[in-house]
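Data block for structure.cif (mmCIF, N, CA and C atoms):
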```cif
data_start
#
loop_
_atom_site.label_atom_id
_atom_site.label_comp_id
_atom_site.auth_asym_id
_atom_site.auth_seq_id
_atom_site.Cartn_x
_atom_site.Cartn_y
_atom_site.Cartn_z
N MET A 1 -10.45 -19.55 -11.74
CA MET A 1 -10.94 -18.58 -10.77
C MET A 1 -10.15 -18.76 -9.48
N LEU A 2 -9.82 -17.64 -8.86
CA LEU A 2 -9.06 -17.68 -7.61
C LEU A 2 -9.71 -16.73 -6.62
N ILE A 3 -10.12 -17.24 -5.49
CA ILE A 3 -10.75 -16.41 -4.45
C ILE A 3 -9.78 -16.31 -3.28
N LYS A 4 -9.59 -15.10 -2.79
CA LYS A 4 -8.75 -14.87 -1.61
C LYS A 4 -9.64 -14.34 -0.50
N LYS A 5 -9.72 -15.05 0.61
CA LYS A 5 -10.52 -14.63 1.75
C LYS A 5 -9.62 -13.93 2.76
N ASN A 6 -10.02 -12.75 3.15
CA ASN A 6 -9.22 -11.95 4.08
C ASN A 6 -8.84 -12.73 5.32
N SER A 7 -9.78 -13.50 5.86
CA SER A 7 -9.53 -14.25 7.10
C SER A 7 -8.48 -15.35 6.92
N GLU A 8 -8.20 -15.73 5.66
CA GLU A 8 -7.25 -16.80 5.41
C GLU A 8 -5.87 -16.30 4.96
N ILE A 9 -5.71 -15.00 4.84
CA ILE A 9 -4.44 -14.43 4.39
C ILE A 9 -3.61 -14.03 5.60
N GLU A 10 -2.39 -14.54 5.66
CA GLU A 10 -1.49 -14.20 6.77
C GLU A 10 -0.99 -12.77 6.64
N SER A 11 -0.89 -12.09 7.76
CA SER A 11 -0.32 -10.75 7.79
C SER A 11 1.18 -10.82 7.98
N VAL A 12 1.87 -9.86 7.42
CA VAL A 12 3.28 -9.68 7.72
C VAL A 12 3.44 -8.29 8.30
N GLN A 13 4.42 -8.12 9.14
CA GLN A 13 4.66 -6.83 9.76
C GLN A 13 5.63 -6.02 8.92
N GLY A 14 5.23 -4.79 8.60
CA GLY A 14 6.15 -3.85 7.98
C GLY A 14 6.92 -3.18 9.09
N ASN A 15 7.33 -1.91 8.87
CA ASN A 15 7.98 -1.23 9.98
C ASN A 15 6.95 -1.03 11.10
N LYS A 16 7.37 -0.63 12.27
CA LYS A 16 6.54 -0.61 13.47
C LYS A 16 5.19 0.06 13.22
N GLY A 17 4.12 -0.66 13.55
CA GLY A 17 2.77 -0.12 13.43
C GLY A 17 2.11 -0.36 12.08
N ILE A 18 2.75 -1.14 11.19
CA ILE A 18 2.18 -1.42 9.87
C ILE A 18 2.02 -2.92 9.69
N GLU A 19 0.81 -3.32 9.29
CA GLU A 19 0.51 -4.71 8.97
C GLU A 19 0.16 -4.79 7.49
N ILE A 20 0.63 -5.83 6.80
CA ILE A 20 0.43 -5.96 5.36
C ILE A 20 -0.15 -7.34 5.05
N LYS A 21 -1.17 -7.36 4.20
CA LYS A 21 -1.73 -8.60 3.67
C LYS A 21 -1.62 -8.55 2.16
N GLN A 22 -0.86 -9.45 1.59
CA GLN A 22 -0.67 -9.51 0.13
C GLN A 22 -1.77 -10.41 -0.46
N TYR A 23 -2.73 -9.80 -1.15
CA TYR A 23 -3.84 -10.56 -1.73
C TYR A 23 -3.43 -11.22 -3.04
N PHE A 24 -3.03 -10.42 -4.01
CA PHE A 24 -2.67 -10.95 -5.32
C PHE A 24 -1.30 -10.43 -5.72
N HIS A 25 -0.51 -11.32 -6.26
CA HIS A 25 0.84 -11.01 -6.72
C HIS A 25 1.18 -12.09 -7.75
N PRO A 26 1.96 -11.79 -8.76
CA PRO A 26 2.30 -12.84 -9.74
C PRO A 26 2.82 -14.13 -9.11
N HIS A 27 3.50 -14.04 -7.96
CA HIS A 27 4.05 -15.27 -7.35
C HIS A 27 3.00 -16.13 -6.66
N ASN A 28 1.79 -15.59 -6.39
CA ASN A 28 0.77 -16.39 -5.71
C ASN A 28 -0.54 -16.47 -6.48
N THR A 29 -0.50 -16.15 -7.77
CA THR A 29 -1.70 -16.15 -8.60
C THR A 29 -1.42 -16.96 -9.86
N LEU A 30 -2.32 -17.84 -10.18
CA LEU A 30 -2.09 -18.76 -11.28
C LEU A 30 -2.43 -18.19 -12.66
N ASN A 31 -3.13 -17.06 -12.73
CA ASN A 31 -3.59 -16.59 -14.03
C ASN A 31 -2.68 -15.55 -14.68
N GLY A 32 -1.45 -15.43 -14.23
CA GLY A 32 -0.47 -14.60 -14.91
C GLY A 32 -0.67 -13.10 -14.82
N ILE A 33 -1.14 -12.60 -13.70
CA ILE A 33 -1.29 -11.15 -13.55
C ILE A 33 0.08 -10.48 -13.49
N SER A 34 0.12 -9.19 -13.79
CA SER A 34 1.38 -8.46 -13.75
C SER A 34 1.45 -7.46 -12.60
N TYR A 35 0.35 -7.26 -11.89
CA TYR A 35 0.27 -6.28 -10.80
C TYR A 35 0.22 -7.00 -9.46
N SER A 36 0.28 -6.22 -8.38
CA SER A 36 0.05 -6.79 -7.05
C SER A 36 -0.99 -5.95 -6.33
N LEU A 37 -1.71 -6.59 -5.42
CA LEU A 37 -2.74 -5.93 -4.62
C LEU A 37 -2.52 -6.34 -3.18
N ALA A 38 -2.35 -5.34 -2.31
CA ALA A 38 -2.14 -5.61 -0.89
C ALA A 38 -2.98 -4.65 -0.06
N GLN A 39 -3.35 -5.12 1.14
CA GLN A 39 -4.04 -4.28 2.10
C GLN A 39 -3.06 -3.93 3.22
N PHE A 40 -3.04 -2.66 3.58
CA PHE A 40 -2.18 -2.17 4.65
C PHE A 40 -3.05 -1.67 5.79
N THR A 41 -2.60 -1.89 7.01
CA THR A 41 -3.23 -1.34 8.20
C THR A 41 -2.15 -0.57 8.96
N LEU A 42 -2.46 0.68 9.25
CA LEU A 42 -1.51 1.58 9.90
C LEU A 42 -2.16 2.11 11.17
N GLU A 43 -1.52 1.91 12.30
CA GLU A 43 -2.06 2.37 13.59
C GLU A 43 -2.10 3.89 13.65
N PRO A 44 -2.98 4.46 14.49
CA PRO A 44 -3.05 5.92 14.63
C PRO A 44 -1.67 6.51 14.95
N GLY A 45 -1.35 7.60 14.27
CA GLY A 45 -0.09 8.31 14.49
C GLY A 45 1.12 7.70 13.80
N LYS A 46 0.99 6.51 13.23
CA LYS A 46 2.12 5.84 12.57
C LYS A 46 2.21 6.26 11.10
N LYS A 47 3.41 6.08 10.53
CA LYS A 47 3.59 6.39 9.11
C LYS A 47 4.54 5.39 8.48
N SER A 48 4.45 5.30 7.17
CA SER A 48 5.37 4.45 6.43
C SER A 48 6.71 5.17 6.32
N ARG A 49 7.72 4.44 5.94
CA ARG A 49 9.01 5.07 5.67
C ARG A 49 8.93 5.81 4.34
N ASN A 50 9.73 6.86 4.19
CA ASN A 50 9.84 7.51 2.89
C ASN A 50 10.48 6.51 1.94
N HIS A 51 9.89 6.38 0.76
CA HIS A 51 10.39 5.40 -0.19
C HIS A 51 9.99 5.76 -1.61
N LYS A 52 10.63 5.09 -2.56
CA LYS A 52 10.29 5.14 -3.98
C LYS A 52 10.23 3.71 -4.47
N ILE A 53 9.39 3.47 -5.47
CA ILE A 53 9.44 2.17 -6.14
C ILE A 53 9.40 2.37 -7.65
N LYS A 54 9.90 1.37 -8.36
CA LYS A 54 9.99 1.45 -9.83
C LYS A 54 8.69 1.07 -10.50
N SER A 55 7.57 1.25 -9.82
CA SER A 55 6.25 0.93 -10.35
C SER A 55 5.29 2.06 -10.01
N SER A 56 4.21 2.16 -10.74
CA SER A 56 3.15 3.10 -10.36
C SER A 56 2.25 2.41 -9.35
N GLU A 57 1.53 3.23 -8.57
CA GLU A 57 0.67 2.69 -7.53
C GLU A 57 -0.65 3.44 -7.50
N ILE A 58 -1.66 2.77 -7.02
CA ILE A 58 -2.93 3.41 -6.69
C ILE A 58 -3.23 3.04 -5.24
N TYR A 59 -3.48 4.06 -4.42
CA TYR A 59 -3.91 3.86 -3.05
C TYR A 59 -5.43 4.05 -3.01
N TYR A 60 -6.14 3.18 -2.30
CA TYR A 60 -7.58 3.32 -2.09
C TYR A 60 -7.83 3.18 -0.60
N ILE A 61 -8.40 4.23 0.01
CA ILE A 61 -8.61 4.26 1.46
C ILE A 61 -9.91 3.53 1.81
N LEU A 62 -9.80 2.50 2.63
CA LEU A 62 -10.96 1.75 3.10
C LEU A 62 -11.55 2.35 4.37
N GLU A 63 -10.68 2.75 5.30
CA GLU A 63 -11.10 3.33 6.58
C GLU A 63 -10.03 4.27 7.07
N GLY A 64 -10.46 5.34 7.75
CA GLY A 64 -9.53 6.24 8.40
C GLY A 64 -9.20 7.47 7.58
N GLU A 65 -8.22 8.21 8.10
CA GLU A 65 -7.78 9.46 7.48
C GLU A 65 -6.27 9.44 7.36
N ALA A 66 -5.76 10.02 6.27
CA ALA A 66 -4.33 9.96 6.02
C ALA A 66 -3.85 11.24 5.35
N ILE A 67 -2.55 11.46 5.51
CA ILE A 67 -1.82 12.42 4.68
C ILE A 67 -0.83 11.58 3.87
N LEU A 68 -0.91 11.71 2.56
CA LEU A 68 0.03 11.03 1.67
C LEU A 68 0.91 12.10 1.04
N LYS A 69 2.20 11.99 1.26
CA LYS A 69 3.15 12.91 0.63
C LYS A 69 3.72 12.24 -0.60
N ILE A 70 3.64 12.95 -1.72
CA ILE A 70 4.19 12.48 -2.99
C ILE A 70 5.08 13.59 -3.51
N ASP A 71 6.39 13.32 -3.59
CA ASP A 71 7.34 14.32 -4.08
C ASP A 71 7.13 15.70 -3.46
N MET A 72 7.05 15.71 -2.13
CA MET A 72 6.97 16.93 -1.33
C MET A 72 5.60 17.63 -1.36
N GLN A 73 4.62 17.08 -2.08
CA GLN A 73 3.24 17.59 -2.05
C GLN A 73 2.45 16.73 -1.08
N SER A 74 1.56 17.35 -0.29
CA SER A 74 0.74 16.61 0.67
C SER A 74 -0.71 16.55 0.21
N TYR A 75 -1.31 15.38 0.37
CA TYR A 75 -2.70 15.15 -0.02
C TYR A 75 -3.43 14.52 1.15
N GLN A 76 -4.55 15.12 1.57
CA GLN A 76 -5.34 14.56 2.66
C GLN A 76 -6.38 13.61 2.04
N LEU A 77 -6.45 12.40 2.59
CA LEU A 77 -7.32 11.36 2.07
C LEU A 77 -8.19 10.80 3.18
N GLY A 78 -9.40 10.40 2.82
CA GLY A 78 -10.32 9.75 3.75
C GLY A 78 -11.00 8.57 3.08
N LYS A 79 -11.92 7.97 3.81
CA LYS A 79 -12.63 6.78 3.34
C LYS A 79 -13.15 6.97 1.92
N ASP A 80 -12.89 5.97 1.08
CA ASP A 80 -13.33 5.89 -0.32
C ASP A 80 -12.58 6.84 -1.26
N ASP A 81 -11.53 7.51 -0.79
CA ASP A 81 -10.68 8.31 -1.67
C ASP A 81 -9.63 7.41 -2.29
N SER A 82 -9.19 7.79 -3.49
CA SER A 82 -8.10 7.06 -4.14
C SER A 82 -7.16 8.06 -4.78
N ILE A 83 -5.92 7.63 -5.00
CA ILE A 83 -4.91 8.52 -5.57
C ILE A 83 -3.90 7.69 -6.35
N TYR A 84 -3.44 8.25 -7.44
CA TYR A 84 -2.43 7.62 -8.28
C TYR A 84 -1.06 8.17 -7.90
N VAL A 85 -0.08 7.29 -7.76
CA VAL A 85 1.30 7.68 -7.45
C VAL A 85 2.18 7.24 -8.62
N PRO A 86 2.76 8.19 -9.35
CA PRO A 86 3.62 7.82 -10.48
C PRO A 86 4.86 7.05 -10.03
N LEU A 87 5.40 6.23 -10.93
CA LEU A 87 6.59 5.47 -10.61
C LEU A 87 7.74 6.40 -10.21
N MET A 88 8.59 5.90 -9.36
CA MET A 88 9.78 6.59 -8.83
C MET A 88 9.46 7.92 -8.12
N SER A 89 8.25 8.04 -7.57
CA SER A 89 7.89 9.21 -6.77
C SER A 89 8.23 8.93 -5.31
N GLU A 90 8.87 9.90 -4.67
CA GLU A 90 9.13 9.76 -3.23
C GLU A 90 7.80 9.89 -2.51
N GLN A 91 7.54 8.94 -1.60
CA GLN A 91 6.23 8.92 -0.95
C GLN A 91 6.29 8.42 0.48
N CYS A 92 5.26 8.82 1.23
CA CYS A 92 5.12 8.42 2.63
C CYS A 92 3.66 8.65 3.00
N ILE A 93 3.05 7.70 3.70
CA ILE A 93 1.66 7.87 4.15
C ILE A 93 1.63 7.84 5.68
N LYS A 94 0.80 8.73 6.26
CA LYS A 94 0.68 8.82 7.72
C LYS A 94 -0.78 8.76 8.12
N ASN A 95 -1.05 8.00 9.17
CA ASN A 95 -2.39 7.94 9.74
C ASN A 95 -2.58 9.15 10.64
N ILE A 96 -3.50 10.05 10.25
CA ILE A 96 -3.75 11.25 11.05
C ILE A 96 -5.04 11.15 11.85
N GLY A 97 -5.69 9.99 11.80
CA GLY A 97 -6.94 9.79 12.51
C GLY A 97 -6.75 9.11 13.85
N SER A 98 -7.89 8.80 14.50
CA SER A 98 -7.86 8.16 15.81
C SER A 98 -8.17 6.66 15.74
N VAL A 99 -8.39 6.15 14.53
CA VAL A 99 -8.63 4.73 14.31
C VAL A 99 -7.59 4.20 13.32
N ASP A 100 -7.49 2.88 13.22
CA ASP A 100 -6.57 2.31 12.24
C ASP A 100 -6.90 2.81 10.84
N LEU A 101 -5.86 3.12 10.09
CA LEU A 101 -5.98 3.45 8.68
C LEU A 101 -5.85 2.15 7.91
N ARG A 102 -6.85 1.84 7.07
CA ARG A 102 -6.78 0.65 6.23
C ARG A 102 -6.89 1.10 4.78
N PHE A 103 -5.97 0.61 3.96
CA PHE A 103 -6.01 0.99 2.55
C PHE A 103 -5.48 -0.13 1.68
N LEU A 104 -5.93 -0.10 0.43
CA LEU A 104 -5.44 -1.02 -0.58
C LEU A 104 -4.39 -0.31 -1.40
N CYS A 105 -3.43 -1.07 -1.87
CA CYS A 105 -2.40 -0.53 -2.74
C CYS A 105 -2.25 -1.48 -3.93
N ILE A 106 -2.50 -0.94 -5.12
CA ILE A 106 -2.33 -1.69 -6.36
C ILE A 106 -1.02 -1.20 -6.98
N VAL A 107 -0.11 -2.11 -7.27
CA VAL A 107 1.20 -1.77 -7.80
C VAL A 107 1.36 -2.45 -9.16
N ASP A 108 1.72 -1.65 -10.17
CA ASP A 108 1.87 -2.18 -11.52
C ASP A 108 3.10 -1.60 -12.20
N PRO A 109 4.07 -2.43 -12.61
CA PRO A 109 4.12 -3.88 -12.40
C PRO A 109 4.27 -4.22 -10.92
N ALA A 110 4.02 -5.47 -10.59
CA ALA A 110 3.97 -5.93 -9.21
C ALA A 110 5.19 -5.51 -8.39
N TRP A 111 4.93 -5.25 -7.10
CA TRP A 111 5.98 -4.86 -6.16
C TRP A 111 7.01 -5.98 -6.04
N LYS A 112 8.27 -5.58 -6.02
CA LYS A 112 9.38 -6.49 -5.75
C LYS A 112 10.33 -5.76 -4.79
N PRO A 113 10.89 -6.46 -3.81
CA PRO A 113 11.78 -5.79 -2.86
C PRO A 113 12.93 -5.05 -3.53
N GLU A 114 13.50 -5.62 -4.59
CA GLU A 114 14.65 -4.98 -5.24
C GLU A 114 14.26 -3.73 -6.01
N ASP A 115 12.96 -3.48 -6.20
CA ASP A 115 12.51 -2.28 -6.91
C ASP A 115 12.18 -1.12 -5.97
N GLU A 116 12.36 -1.33 -4.67
CA GLU A 116 12.01 -0.31 -3.68
C GLU A 116 13.27 0.31 -3.09
N ILE A 117 13.25 1.65 -2.98
CA ILE A 117 14.33 2.40 -2.35
C ILE A 117 13.78 3.03 -1.09
N ILE A 118 14.35 2.68 0.07
CA ILE A 118 13.93 3.22 1.35
C ILE A 118 14.89 4.33 1.76
N PHE A 119 14.33 5.45 2.23
CA PHE A 119 15.17 6.57 2.67
C PHE A 119 15.30 6.57 4.18
#
```

This structure in C-alpha cells:
Amino acid sequence: MLIKKNSEIESVQGNKGIEIKQYFHPHNTLNGISYSLAQFTLEPGKKSRNHKIKSSEIYYILEGEAILKIDMQSYQLGKDDSIYVPLMSEQCIKNIGSVDLRFLCIVDPAWKPEDEIIF
C-alpha cells in the first residue's frame, strides 16, 4: 500500500502560472503502475502551452472553470467535469475563471518528457 499526502508532495513549476504535483508515476510507485497521476494548478487567465503527447489523458476538474482545446475544438469545463483526450491530440487548457483552476490529469501510459511535443 502506498499513500501520498498532498501536503508532503513537492510542487514543480511548469510554464509561468502553472504548478504541478506528481502523485503517482511508475518511477515513484512500487507496485508497477503504468499510468501517471498529477495535480495541476493554473492561475486565473493563465494557460498551458499547446502540446501533444504520445499517451491518452483524462482531465478531472477539482475547482474553477476552464476552456480545453483539443484538435481545434473547444470544451468548457467546470468543477467535477472530466474529459478524455486521445493520444497525439493537440491540446491546451486555459483558466477562464477568477480563482485558481485545479485539475487532475491521468496519463496512460505514464507521461515522459520525450513523449511530449510543445508548440

| message | On this structure, the PyMOL selection byres ((chain A and resi 69-78) around 6.5) would catch which residues? List them as a list in words, sorted by chain and number. | response | Ile61, Leu62, Glu63, Gly64, Glu65, Ala66, Ile67, Leu68, Lys79, Asp80, Asp81, Ser89, Glu90, Gln91, Cys92, Ile93 and Lys94 of chain A

May I have all residues of stretch 16-116 of chain A that DSSP, computed from the backbone, assigns to strand (DSSP E or B), given as a tab-separated table (two decimals) with N, CA and C atoms, in the coordinates of the input?
```tsv
chain	number	residue	atom	x	y	z
A	18	ILE	N	2.75	-1.14	11.19
A	18	ILE	CA	2.18	-1.42	9.87
A	18	ILE	C	2.02	-2.92	9.69
A	19	GLU	N	0.81	-3.32	9.29
A	19	GLU	CA	0.51	-4.71	8.97
A	19	GLU	C	0.16	-4.79	7.49
A	20	ILE	N	0.63	-5.83	6.80
A	20	ILE	CA	0.43	-5.96	5.36
A	20	ILE	C	-0.15	-7.34	5.05
A	21	LYS	N	-1.17	-7.36	4.20
A	21	LYS	CA	-1.73	-8.60	3.67
A	21	LYS	C	-1.62	-8.55	2.16
A	22	GLN	N	-0.86	-9.45	1.59
A	22	GLN	CA	-0.67	-9.51	0.13
A	22	GLN	C	-1.77	-10.41	-0.46
A	23	TYR	N	-2.73	-9.80	-1.15
A	23	TYR	CA	-3.84	-10.56	-1.73
A	23	TYR	C	-3.43	-11.22	-3.04
A	24	PHE	N	-3.03	-10.42	-4.01
A	24	PHE	CA	-2.67	-10.95	-5.32
A	24	PHE	C	-1.30	-10.43	-5.72
A	36	SER	N	0.28	-6.22	-8.38
A	36	SER	CA	0.05	-6.79	-7.05
A	36	SER	C	-0.99	-5.95	-6.33
A	37	LEU	N	-1.71	-6.59	-5.42
A	37	LEU	CA	-2.74	-5.93	-4.62
A	37	LEU	C	-2.52	-6.34	-3.18
A	38	ALA	N	-2.35	-5.34	-2.31
A	38	ALA	CA	-2.14	-5.61	-0.89
A	38	ALA	C	-2.98	-4.65	-0.06
A	39	GLN	N	-3.35	-5.12	1.14
A	39	GLN	CA	-4.04	-4.28	2.10
A	39	GLN	C	-3.06	-3.93	3.22
A	40	PHE	N	-3.04	-2.66	3.58
A	40	PHE	CA	-2.18	-2.17	4.65
A	40	PHE	C	-3.05	-1.67	5.79
A	41	THR	N	-2.60	-1.89	7.01
A	41	THR	CA	-3.23	-1.34	8.20
A	41	THR	C	-2.15	-0.57	8.96
A	42	LEU	N	-2.46	0.68	9.25
A	42	LEU	CA	-1.51	1.58	9.90
A	42	LEU	C	-2.16	2.11	11.17
A	47	LYS	N	3.41	6.08	10.53
A	47	LYS	CA	3.59	6.39	9.11
A	47	LYS	C	4.54	5.39	8.48
A	51	HIS	N	9.89	6.38	0.76
A	51	HIS	CA	10.39	5.40	-0.19
A	51	HIS	C	9.99	5.76	-1.61
A	52	LYS	N	10.63	5.09	-2.56
A	52	LYS	CA	10.29	5.14	-3.98
A	52	LYS	C	10.23	3.71	-4.47
A	53	ILE	N	9.39	3.47	-5.47
A	53	ILE	CA	9.44	2.17	-6.14
A	53	ILE	C	9.40	2.37	-7.65
A	56	SER	N	4.21	2.16	-10.74
A	56	SER	CA	3.15	3.10	-10.36
A	56	SER	C	2.25	2.41	-9.35
A	57	GLU	N	1.53	3.23	-8.57
A	57	GLU	CA	0.67	2.69	-7.53
A	57	GLU	C	-0.65	3.44	-7.50
A	58	ILE	N	-1.66	2.77	-7.02
A	58	ILE	CA	-2.93	3.41	-6.69
A	58	ILE	C	-3.23	3.04	-5.24
A	59	TYR	N	-3.48	4.06	-4.42
A	59	TYR	CA	-3.91	3.86	-3.05
A	59	TYR	C	-5.43	4.05	-3.01
A	60	TYR	N	-6.14	3.18	-2.30
A	60	TYR	CA	-7.58	3.32	-2.09
A	60	TYR	C	-7.83	3.18	-0.60
A	61	ILE	N	-8.40	4.23	0.01
A	61	ILE	CA	-8.61	4.26	1.46
A	61	ILE	C	-9.91	3.53	1.81
A	62	LEU	N	-9.80	2.50	2.63
A	62	LEU	CA	-10.96	1.75	3.10
A	62	LEU	C	-11.55	2.35	4.37
A	63	GLU	N	-10.68	2.75	5.30
A	63	GLU	CA	-11.10	3.33	6.58
A	63	GLU	C	-10.03	4.27	7.07
A	66	ALA	N	-5.76	10.02	6.27
A	66	ALA	CA	-4.33	9.96	6.02
A	66	ALA	C	-3.85	11.24	5.35
A	67	ILE	N	-2.55	11.46	5.51
A	67	ILE	CA	-1.82	12.42	4.68
A	67	ILE	C	-0.83	11.58	3.87
A	68	LEU	N	-0.91	11.71	2.56
A	68	LEU	CA	0.03	11.03	1.67
A	68	LEU	C	0.91	12.10	1.04
A	69	LYS	N	2.20	11.99	1.26
A	69	LYS	CA	3.15	12.91	0.63
A	69	LYS	C	3.72	12.24	-0.60
A	70	ILE	N	3.64	12.95	-1.72
A	70	ILE	CA	4.19	12.48	-2.99
A	70	ILE	C	5.08	13.59	-3.51
A	73	GLN	N	4.62	17.08	-2.08
A	73	GLN	CA	3.24	17.59	-2.05
A	73	GLN	C	2.45	16.73	-1.08
A	74	SER	N	1.56	17.35	-0.29
A	74	SER	CA	0.74	16.61	0.67
A	74	SER	C	-0.71	16.55	0.21
A	75	TYR	N	-1.31	15.38	0.37
A	75	TYR	CA	-2.70	15.15	-0.02
A	75	TYR	C	-3.43	14.52	1.15
A	76	GLN	N	-4.55	15.12	1.57
A	76	GLN	CA	-5.34	14.56	2.66
A	76	GLN	C	-6.38	13.61	2.04
A	77	LEU	N	-6.45	12.40	2.59
A	77	LEU	CA	-7.32	11.36	2.07
A	77	LEU	C	-8.19	10.80	3.18
A	82	SER	N	-9.19	7.79	-3.49
A	82	SER	CA	-8.10	7.06	-4.14
A	82	SER	C	-7.16	8.06	-4.78
A	83	ILE	N	-5.92	7.63	-5.00
A	83	ILE	CA	-4.91	8.52	-5.57
A	83	ILE	C	-3.90	7.69	-6.35
A	84	TYR	N	-3.44	8.25	-7.44
A	84	TYR	CA	-2.43	7.62	-8.28
A	84	TYR	C	-1.06	8.17	-7.90
A	85	VAL	N	-0.08	7.29	-7.76
A	85	VAL	CA	1.30	7.68	-7.45
A	85	VAL	C	2.18	7.24	-8.62
A	91	GLN	N	7.54	8.94	-1.60
A	91	GLN	CA	6.23	8.92	-0.95
A	91	GLN	C	6.29	8.42	0.48
A	92	CYS	N	5.26	8.82	1.23
A	92	CYS	CA	5.12	8.42	2.63
A	92	CYS	C	3.66	8.65	3.00
A	93	ILE	N	3.05	7.70	3.70
A	93	ILE	CA	1.66	7.87	4.15
A	93	ILE	C	1.63	7.84	5.68
A	94	LYS	N	0.80	8.73	6.26
A	94	LYS	CA	0.68	8.82	7.72
A	94	LYS	C	-0.78	8.76	8.12
A	95	ASN	N	-1.05	8.00	9.17
A	95	ASN	CA	-2.39	7.94	9.74
A	95	ASN	C	-2.58	9.15	10.64
A	101	LEU	N	-5.86	3.12	10.09
A	101	LEU	CA	-5.98	3.45	8.68
A	101	LEU	C	-5.85	2.15	7.91
A	102	ARG	N	-6.85	1.84	7.07
A	102	ARG	CA	-6.78	0.65	6.23
A	102	ARG	C	-6.89	1.10	4.78
A	103	PHE	N	-5.97	0.61	3.96
A	103	PHE	CA	-6.01	0.99	2.55
A	103	PHE	C	-5.48	-0.13	1.68
A	104	LEU	N	-5.93	-0.10	0.43
A	104	LEU	CA	-5.44	-1.02	-0.58
A	104	LEU	C	-4.39	-0.31	-1.40
A	105	CYS	N	-3.43	-1.07	-1.87
A	105	CYS	CA	-2.40	-0.53	-2.74
A	105	CYS	C	-2.25	-1.48	-3.93
A	106	ILE	N	-2.50	-0.94	-5.12
A	106	ILE	CA	-2.33	-1.69	-6.36
A	106	ILE	C	-1.02	-1.20	-6.98
A	107	VAL	N	-0.11	-2.11	-7.27
A	107	VAL	CA	1.20	-1.77	-7.80
A	107	VAL	C	1.36	-2.45	-9.16
A	108	ASP	N	1.72	-1.65	-10.17
A	108	ASP	CA	1.87	-2.18	-11.52
A	108	ASP	C	3.10	-1.60	-12.20
A	116	GLU	N	12.36	-1.33	-4.67
A	116	GLU	CA	12.01	-0.31	-3.68
A	116	GLU	C	13.27	0.31	-3.09
```

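Shortest atom-to-atom contact with A:Met88 among A:Lys21, A:Lys112, A:Lys54, A:Arg102: A:Lys54, counting only C-alpha atoms.
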
| task | Return as a list of chain:residue names the set of residues that the PyMOL selection byres ((chain A and resi 36) around 5) yields on the displayed structure. | result | A:Phe24, A:His25, A:Ser34, A:Tyr35, A:Leu37, A:Ala38, A:Ile106, A:Val107, A:Ala110, A:Trp111

| request: Measure the distance from atom N of A:Ser98 to atom C of A:Lys5 in Å and round it to one decimal. | output: 25.6 Å
